[in-house]
Structure formats: C-alpha cells, structure tokens
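Asker: Dropping the structure in here first, questions after.
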Amino acid sequence: MSTIVDVAHKAKVSITTVSRVTNSSPHKVNPTTRAKVIKAIKELDYRPNALAKGLLMKRTMTVGIIIPDISNPYYAEIVRGIQDKADEHGYAVILLNTERNPDRILKHIYFLREKAADGIIFSGGVIHEGKIISSLKELRDRVIVIGQHRVDFPAVVIDNAGGATEAVRYLVELNHQRIGFIGGPDHSLSTKERLSGYRSALTQKGYPYDRGFVRKGDLTPVSGYLLAKDLIRKERLTAVFLRE
C-alpha cells in the first residue's frame with residue numbers, strides 16, 4: 001500500500017502539503033501544487049489512513065445507531081433515512097441491535113465510546129435503566145434519542161397519542177365498531193400513549209372502551225400475529241390497531 005511519504009516523493013512536495021490536500025485543510029495550497037498531489041494520489045492509488053485522519057480532524061466520521069431490532073420495518077425505515085443523510089455528509093454508520101436487552105445496550109454504548117463515534121442515535125429499548133442512562137450522560141453532547149423517552153437529551157419526538165387517535169378515527173370512518181388494540185409491555189411509554197389515543201378516539205366517536213379488546217405483547221411480529229389472531233377469534237373484531 002502506498003503511503004503519504006510515497007505521494008510526497010512522487011509529487012515532489014512535503015508531507016505537510018499532501019496532508020493539507022487530503023484533509024481539506026484551511027491552509028492554502030497553490031493550485032498547480034494541488035494538481036500534482038492529486039495526480040500522484042491517483043497514480044499510486046493512495047488511501048489516507050482513517051485513524052490518523054480522525055486524530056488530526058478530531059472526528060472519526062462515524063455515527064452509531066442503537067435500535068432494538070432491524071428486522072422490524074419501523075426501525076428499518078429509520079435506519080434507511082439516517083444512512084441516506086450520513087452518506088450525503090461523508091459519514092459511516094455503525095448499526096447495533098439490542099433485542100431490548102439492557103446488558104447488550106450497555107455493551108453497545110461502551111463499544112461506540114471506544115470507537116469515538118462522533119454521534120450516537122438511540123431509538124427504542126430500556127433507556128431509563130440506571131447504568132444505561134449514566135453511560136449515555138457521559139457522552140451527552142454526542143447523543144440524540146428518537147421517541148418519547150423523557151430524558152434530558154435532544155430528541156425527535158413522536159406524537160404517539162395523536163397518531164393513534166387519527167388511526168382509530170379513520171377505522172371508525174370506515175364503519176368499524178369493534179376495534180381492537182395490540183401494544184407492547186406495560187413499561188413501554190409509547191404503548192401507554194398510543195393506548196390513550198385509542199381510548200380518546202373511541203370516546204370522541206361515542207364508542208365504549210372495552211378492556212377485552214386490548215392485548216399487550218413483546219413487540220415482535222410473532223407476538224403481534226398471535227395476539228391479533230386471538231383477538232379476532234374471541235372478540236369478533238372487524239379491525240385492529242397494532243402498535244408497531
């Protein structure tokens with residue numbers, strides 16, 4: 001592999017000049033000299049050392065994403081959007097699945113800290129667990145969360161209650177009267193908010209809230225399928241509002 005020394009030698013310039021060209025330094029480089037360096041880089045197929053470049057720029061150009069499960073279409077869409085935007089700005093993305101396991105979440109946070117990721121995007125999972133929230137606070141200026149976690153970090157907030165209300169209203173407008181609800185575990189804040197929106201929509205339309213129409217699972221596709229099957233069979237529902 002070619003080195004920065006090889007490029008400097010071929011272009012007949014100093015190593016500092018090559019570094020300024022490859023790192024887009026604010027120091028001006030004569031256009032003719034820059035062209036010679038770029039030509040040497042292409043001919044030698046030189047690739048700057050990412051670690052060395054990161055130390056120089058004090059950035060690693062990486063963003064870590066911590067999510068529960070990439071197989072869930074909800075999270076897959078989020079990751080796709082992050083990836084597209086990261087590509088636009090020259091950043092690499094490190095994707096980490098947690099399965100909502102606190103130990104794995106903590107392990108992934110430590111991993112991203114060791115890799116000096118420039119930013120960490122946290123979506124879903126058990127963020128309020130003591131060690132997890134403490135480890136994230138150590139990286140405070142590099143963390144952003146997605147969803148209603150109610151923690152002291154910049155956040156992309158989702159209107160769970162409002163969205164659920166609109167969804168159930170739509171089902172009512174389609175003449176559904178027996179509408180079920182499938183959500184996550186009791187500790188899930190988004191489930192609580194969406195259940196609140198579900199109840200609100202029923203009340204607004206003059207329908208009673210029936211606890212028998214509500215099921216709570218573990219947010220996996222299999223769980224959702226089994227609960228929906230059980231609801232439709234036992235309660236003779238005509239529609240189901242499913243959380244994620």
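In the structure tokens, chains take the letters A, B, ... in the order shown, each chain's residues start at 1, and ligands count up from 1 in the order shown.
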Using only C-alpha atoms, tabulate the residues of range 183-212 of chain A lying at most 12 Å from any atom of range 100-123 of chain A, each with its closest atom pair and that distance in Å to one decimal, by chain and increasing residue number, as CSV.
Answerer:
```
residue,atom,partner,partner_atom,distance
A:Pro185,CA,A:Arg100,CA,11.8
A:Ser188,CA,A:Arg100,CA,11.3
A:Ser190,CA,A:Ser123,CA,11.8
```
Asker: What would the file look like if the residues just selected were written as a PDB file, in the first residue's frame with all heavy atoms?
Answerer:
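Wrote again-v4.pdb, looks like this:
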```pdb
ATOM      1  N   PRO A 185     -45.334  -4.107  26.140  1.00  0.00           N
ATOM      2  CA  PRO A 185     -45.427  -4.332  27.588  1.00  0.00           C
ATOM      3  C   PRO A 185     -45.843  -3.080  28.348  1.00  0.00           C
ATOM      4  O   PRO A 185     -45.766  -1.960  27.814  1.00  0.00           O
ATOM      5  CB  PRO A 185     -44.005  -4.776  27.959  1.00  0.00           C
ATOM      6  CG  PRO A 185     -43.141  -4.262  26.854  1.00  0.00           C
ATOM      7  CD  PRO A 185     -43.965  -4.306  25.624  1.00  0.00           C
ATOM      8  N   SER A 188     -43.732   0.151  28.504  1.00  0.00           N
ATOM      9  CA  SER A 188     -43.476   0.890  27.262  1.00  0.00           C
ATOM     10  C   SER A 188     -44.272   2.190  27.252  1.00  0.00           C
ATOM     11  O   SER A 188     -45.509   2.190  27.225  1.00  0.00           O
ATOM     12  CB  SER A 188     -43.864   0.037  26.052  1.00  0.00           C
ATOM     13  OG  SER A 188     -43.851   0.822  24.871  1.00  0.00           O
ATOM     14  N   SER A 190     -44.456   4.477  24.877  1.00  0.00           N
ATOM     15  CA  SER A 190     -45.166   4.698  23.612  1.00  0.00           C
ATOM     16  C   SER A 190     -46.457   3.885  23.565  1.00  0.00           C
ATOM     17  O   SER A 190     -47.471   4.333  23.016  1.00  0.00           O
ATOM     18  CB  SER A 190     -44.272   4.347  22.419  1.00  0.00           C
ATOM     19  OG  SER A 190     -43.829   3.014  22.480  1.00  0.00           O
TER      20      SER A 190
END
```
Asker: Enumerate, as an NGL selection string, the complete set of residues in range 13-158 of chain A that a backbone-based DSSP assignment places in alpha helix (DSSP H).
Answerer: :A and (15-22 or 31-44 or 50-57 or 73-88 or 102-114 or 130-137)
Asker: Can you pull out every residue within 12 Å of range 25-42 of chain A, counting only C-alpha atoms, but drop anything in the same chain fewer than 2 positions away, and send it as an mmCIF file with N, CA and C atoms, in the first residue's frame?
Answerer:
```cif
data_model
loop_
_atom_site.group_PDB
_atom_site.id
_atom_site.type_symbol
_atom_site.label_atom_id
_atom_site.label_comp_id
_atom_site.auth_asym_id
_atom_site.auth_seq_id
_atom_site.Cartn_x
_atom_site.Cartn_y
_atom_site.Cartn_z
ATOM 1 N N MET A 1 0.837 -1.201 0.000
ATOM 2 C CA MET A 1 0.000 0.000 0.000
ATOM 3 C C MET A 1 0.869 1.248 0.000
ATOM 4 N N SER A 2 0.458 2.219 -0.776
ATOM 5 C CA SER A 2 1.201 3.476 -0.839
ATOM 6 C C SER A 2 0.987 4.265 0.443
ATOM 7 N N THR A 3 1.988 5.059 0.794
ATOM 8 C CA THR A 3 1.911 5.878 1.997
ATOM 9 C C THR A 3 1.953 7.349 1.624
ATOM 10 N N ILE A 4 1.717 8.192 2.606
ATOM 11 C CA ILE A 4 1.766 9.631 2.373
ATOM 12 C C ILE A 4 3.177 10.063 1.968
ATOM 13 N N VAL A 5 4.177 9.323 2.444
ATOM 14 C CA VAL A 5 5.569 9.605 2.074
ATOM 15 C C VAL A 5 5.774 9.347 0.582
ATOM 16 N N ASP A 6 5.181 8.248 0.079
ATOM 17 C CA ASP A 6 5.298 7.923 -1.347
ATOM 18 C C ASP A 6 4.675 9.020 -2.209
ATOM 19 N N VAL A 7 3.513 9.514 -1.770
ATOM 20 C CA VAL A 7 2.832 10.570 -2.523
ATOM 21 C C VAL A 7 3.665 11.833 -2.537
ATOM 22 N N ALA A 8 4.213 12.203 -1.377
ATOM 23 C CA ALA A 8 5.045 13.407 -1.283
ATOM 24 C C ALA A 8 6.272 13.293 -2.175
ATOM 25 N N HIS A 9 6.875 12.113 -2.184
ATOM 26 C CA HIS A 9 8.068 11.888 -3.008
ATOM 27 C C HIS A 9 7.731 11.994 -4.494
ATOM 28 N N LYS A 10 6.637 11.383 -4.914
ATOM 29 C CA LYS A 10 6.273 11.395 -6.333
ATOM 30 C C LYS A 10 5.878 12.789 -6.804
ATOM 31 N N ALA A 11 5.157 13.526 -5.946
ATOM 32 C CA ALA A 11 4.709 14.867 -6.323
ATOM 33 C C ALA A 11 5.782 15.914 -6.075
ATOM 34 N N LYS A 12 6.884 15.493 -5.400
ATOM 35 C CA LYS A 12 7.997 16.388 -5.081
ATOM 36 C C LYS A 12 7.538 17.560 -4.213
ATOM 37 N N VAL A 13 6.770 17.200 -3.177
ATOM 38 C CA VAL A 13 6.305 18.206 -2.212
ATOM 39 C C VAL A 13 6.540 17.651 -0.810
ATOM 40 N N SER A 14 6.238 18.442 0.185
ATOM 41 C CA SER A 14 6.410 17.984 1.568
ATOM 42 C C SER A 14 5.205 17.134 2.008
ATOM 43 N N ILE A 15 5.431 16.351 3.055
ATOM 44 C CA ILE A 15 4.345 15.540 3.615
ATOM 45 C C ILE A 15 3.219 16.451 4.119
ATOM 46 N N THR A 16 3.598 17.588 4.671
ATOM 47 C CA THR A 16 2.610 18.540 5.177
ATOM 48 C C THR A 16 1.678 18.999 4.065
ATOM 49 N N THR A 17 2.235 19.246 2.870
ATOM 50 C CA THR A 17 1.422 19.688 1.726
ATOM 51 C C THR A 17 0.430 18.611 1.323
ATOM 52 N N VAL A 18 0.896 17.364 1.283
ATOM 53 C CA VAL A 18 -0.008 16.256 0.941
ATOM 54 C C VAL A 18 -1.130 16.171 1.959
ATOM 55 N N SER A 19 -0.781 16.309 3.235
ATOM 56 C CA SER A 19 -1.777 16.250 4.305
ATOM 57 C C SER A 19 -2.818 17.354 4.162
ATOM 58 N N ARG A 20 -2.346 18.547 3.795
ATOM 59 C CA ARG A 20 -3.281 19.665 3.621
ATOM 60 C C ARG A 20 -4.254 19.406 2.485
ATOM 61 N N VAL A 21 -3.788 18.772 1.435
ATOM 62 C CA VAL A 21 -4.660 18.470 0.291
ATOM 63 C C VAL A 21 -5.677 17.383 0.658
ATOM 64 N N THR A 22 -5.215 16.303 1.273
ATOM 65 C CA THR A 22 -6.103 15.173 1.572
ATOM 66 C C THR A 22 -7.090 15.463 2.698
ATOM 67 N N ASN A 23 -6.740 16.402 3.580
ATOM 68 C CA ASN A 23 -7.620 16.698 4.711
ATOM 69 C C ASN A 23 -8.394 17.997 4.550
ATOM 70 N N LEU A 44 -0.833 6.429 -7.542
ATOM 71 C CA LEU A 44 -0.381 5.497 -6.510
ATOM 72 C C LEU A 44 -1.547 4.791 -5.797
ATOM 73 N N ASP A 45 -2.759 5.201 -6.164
ATOM 74 C CA ASP A 45 -3.960 4.653 -5.516
ATOM 75 C C ASP A 45 -3.832 4.774 -3.997
ATOM 76 N N TYR A 46 -3.461 5.961 -3.561
ATOM 77 C CA TYR A 46 -3.245 6.208 -2.137
ATOM 78 C C TYR A 46 -4.560 6.372 -1.395
ATOM 79 N N ARG A 47 -4.682 5.728 -0.241
ATOM 80 C CA ARG A 47 -5.856 5.863 0.632
ATOM 81 C C ARG A 47 -5.392 6.376 1.991
ATOM 82 N N PRO A 48 -5.801 7.580 2.372
ATOM 83 C CA PRO A 48 -5.389 8.118 3.680
ATOM 84 C C PRO A 48 -5.798 7.192 4.816
ATOM 85 N N LYS A 53 -6.285 10.238 10.143
ATOM 86 C CA LYS A 53 -7.088 11.385 9.712
ATOM 87 C C LYS A 53 -8.055 11.802 10.813
ATOM 88 N N LEU A 56 -6.283 13.687 13.504
ATOM 89 C CA LEU A 56 -5.942 15.027 13.054
ATOM 90 C C LEU A 56 -7.162 15.946 13.076
ATOM 91 N N MET A 57 -8.298 15.431 12.587
ATOM 92 C CA MET A 57 -9.515 16.239 12.491
ATOM 93 C C MET A 57 -10.314 16.236 13.794
#
```
Asker: Where in range 20-186 of chain A does DSSP assign strand (DSSP E), given as a ChimeraX atom specification?
Answerer: /A:62-67,92-97,119-123,143-146,155-156,179-183
Asker: Emit the selected residues as a tab-separated table (two decimals), in the first residue's frame, including N, CA and C atoms.
Answerer:
```
chain	number	residue	atom	x	y	z
A	62	THR	N	-18.01	8.85	11.94
A	62	THR	CA	-18.90	7.70	12.14
A	62	THR	C	-20.05	8.09	13.08
A	63	VAL	N	-21.19	7.47	12.83
A	63	VAL	CA	-22.37	7.67	13.68
A	63	VAL	C	-22.88	6.29	14.08
A	64	GLY	N	-23.13	6.10	15.36
A	64	GLY	CA	-23.67	4.83	15.84
A	64	GLY	C	-25.17	4.90	16.00
A	65	ILE	N	-25.86	3.82	15.59
A	65	ILE	CA	-27.32	3.74	15.76
A	65	ILE	C	-27.63	2.54	16.63
A	66	ILE	N	-28.30	2.77	17.73
A	66	ILE	CA	-28.69	1.69	18.64
A	66	ILE	C	-30.19	1.50	18.56
A	67	ILE	N	-30.62	0.33	18.07
A	67	ILE	CA	-32.05	0.04	17.91
A	67	ILE	C	-32.35	-1.36	18.45
A	92	ALA	N	-19.87	7.38	7.98
A	92	ALA	CA	-20.16	5.95	8.00
A	92	ALA	C	-21.10	5.67	9.17
A	93	VAL	N	-21.90	4.62	9.03
A	93	VAL	CA	-22.88	4.29	10.05
A	93	VAL	C	-22.57	2.92	10.67
A	94	ILE	N	-22.60	2.84	11.99
A	94	ILE	CA	-22.43	1.58	12.71
A	94	ILE	C	-23.79	1.23	13.31
A	95	LEU	N	-24.36	0.13	12.87
A	95	LEU	CA	-25.69	-0.28	13.33
A	95	LEU	C	-25.58	-1.39	14.37
A	96	LEU	N	-26.27	-1.21	15.49
A	96	LEU	CA	-26.20	-2.18	16.58
A	96	LEU	C	-27.61	-2.54	17.06
A	97	ASN	N	-27.94	-3.83	17.03
A	97	ASN	CA	-29.22	-4.33	17.52
A	97	ASN	C	-29.09	-4.73	18.99
A	119	GLY	N	-21.27	10.62	16.92
A	119	GLY	CA	-22.63	10.77	17.42
A	119	GLY	C	-23.27	9.42	17.65
A	120	ILE	N	-24.24	9.38	18.57
A	120	ILE	CA	-24.98	8.16	18.85
A	120	ILE	C	-26.47	8.48	18.78
A	121	ILE	N	-27.18	7.70	17.97
A	121	ILE	CA	-28.64	7.85	17.85
A	121	ILE	C	-29.27	6.66	18.55
A	122	PHE	N	-30.07	6.92	19.57
A	122	PHE	CA	-30.66	5.85	20.39
A	122	PHE	C	-32.16	5.81	20.13
A	123	SER	N	-32.65	4.66	19.70
A	123	SER	CA	-34.08	4.52	19.42
A	123	SER	C	-34.63	3.24	20.02
A	143	VAL	N	-25.19	12.53	21.94
A	143	VAL	CA	-26.34	11.63	21.95
A	143	VAL	C	-27.63	12.34	21.53
A	144	ILE	N	-28.43	11.66	20.72
A	144	ILE	CA	-29.78	12.12	20.40
A	144	ILE	C	-30.69	10.90	20.45
A	145	VAL	N	-31.91	11.08	20.91
A	145	VAL	CA	-32.83	9.94	21.02
A	145	VAL	C	-34.02	10.13	20.10
A	146	ILE	N	-34.61	9.02	19.72
A	146	ILE	CA	-35.81	9.03	18.89
A	146	ILE	C	-36.95	8.46	19.72
A	155	ALA	N	-34.06	15.33	21.23
A	155	ALA	CA	-34.89	14.20	20.82
A	155	ALA	C	-35.76	14.51	19.62
A	156	VAL	N	-35.99	13.49	18.82
A	156	VAL	CA	-37.00	13.54	17.77
A	156	VAL	C	-38.24	12.92	18.39
A	179	ILE	N	-63.16	-2.41	17.43
A	179	ILE	CA	-61.76	-2.16	17.08
A	179	ILE	C	-60.85	-2.58	18.24
A	180	GLY	N	-59.92	-3.47	17.96
A	180	GLY	CA	-59.01	-3.93	18.99
A	180	GLY	C	-57.72	-3.13	19.04
A	181	PHE	N	-56.97	-3.32	20.11
A	181	PHE	CA	-55.68	-2.64	20.29
A	181	PHE	C	-54.63	-3.66	20.70
A	182	ILE	N	-53.49	-3.66	20.02
A	182	ILE	CA	-52.37	-4.52	20.38
A	182	ILE	C	-51.14	-3.64	20.61
A	183	GLY	N	-50.59	-3.72	21.80
A	183	GLY	CA	-49.43	-2.89	22.13
A	183	GLY	C	-48.31	-3.70	22.73
```
Asker: Measure the distance from CA of Tyr198 in chain A to CA of Gly147 in chain A in Å and round it to one decimal.
Answerer: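 Going from CA of Tyr198 in chain A over to CA of Gly147 in chain A, I get 18.3 Å.
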Asker: Quick check, in Å to one decimal: how far apart do CA of Ala228 in chain A and CA of Gly81 in chain A lie?
Answerer: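 It comes out at 29.6 Å.
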Asker: Could you state the separation of CA of Leu237 in chain A and CA of Arg178 in chain A in Å, given to one decimal place?
Answerer: 5.0 Å
Asker: Name the closest residue to Gly184 in chain A among the candidates A:Leu227, A:Thr98, A:Ile78, A:Gly130; distances are taken between atoms, counting only C-alpha atoms.
Answerer: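 Closest candidate: A:Leu227.
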Asker: Leaving out range 174-177 of chain A and any residue of its chain fewer than 3 positions from it, which residues lie within 7 Å of it when counting only C-alpha atoms, given as a ChimeraX atom specification?
Answerer: /A:170-171,238-239
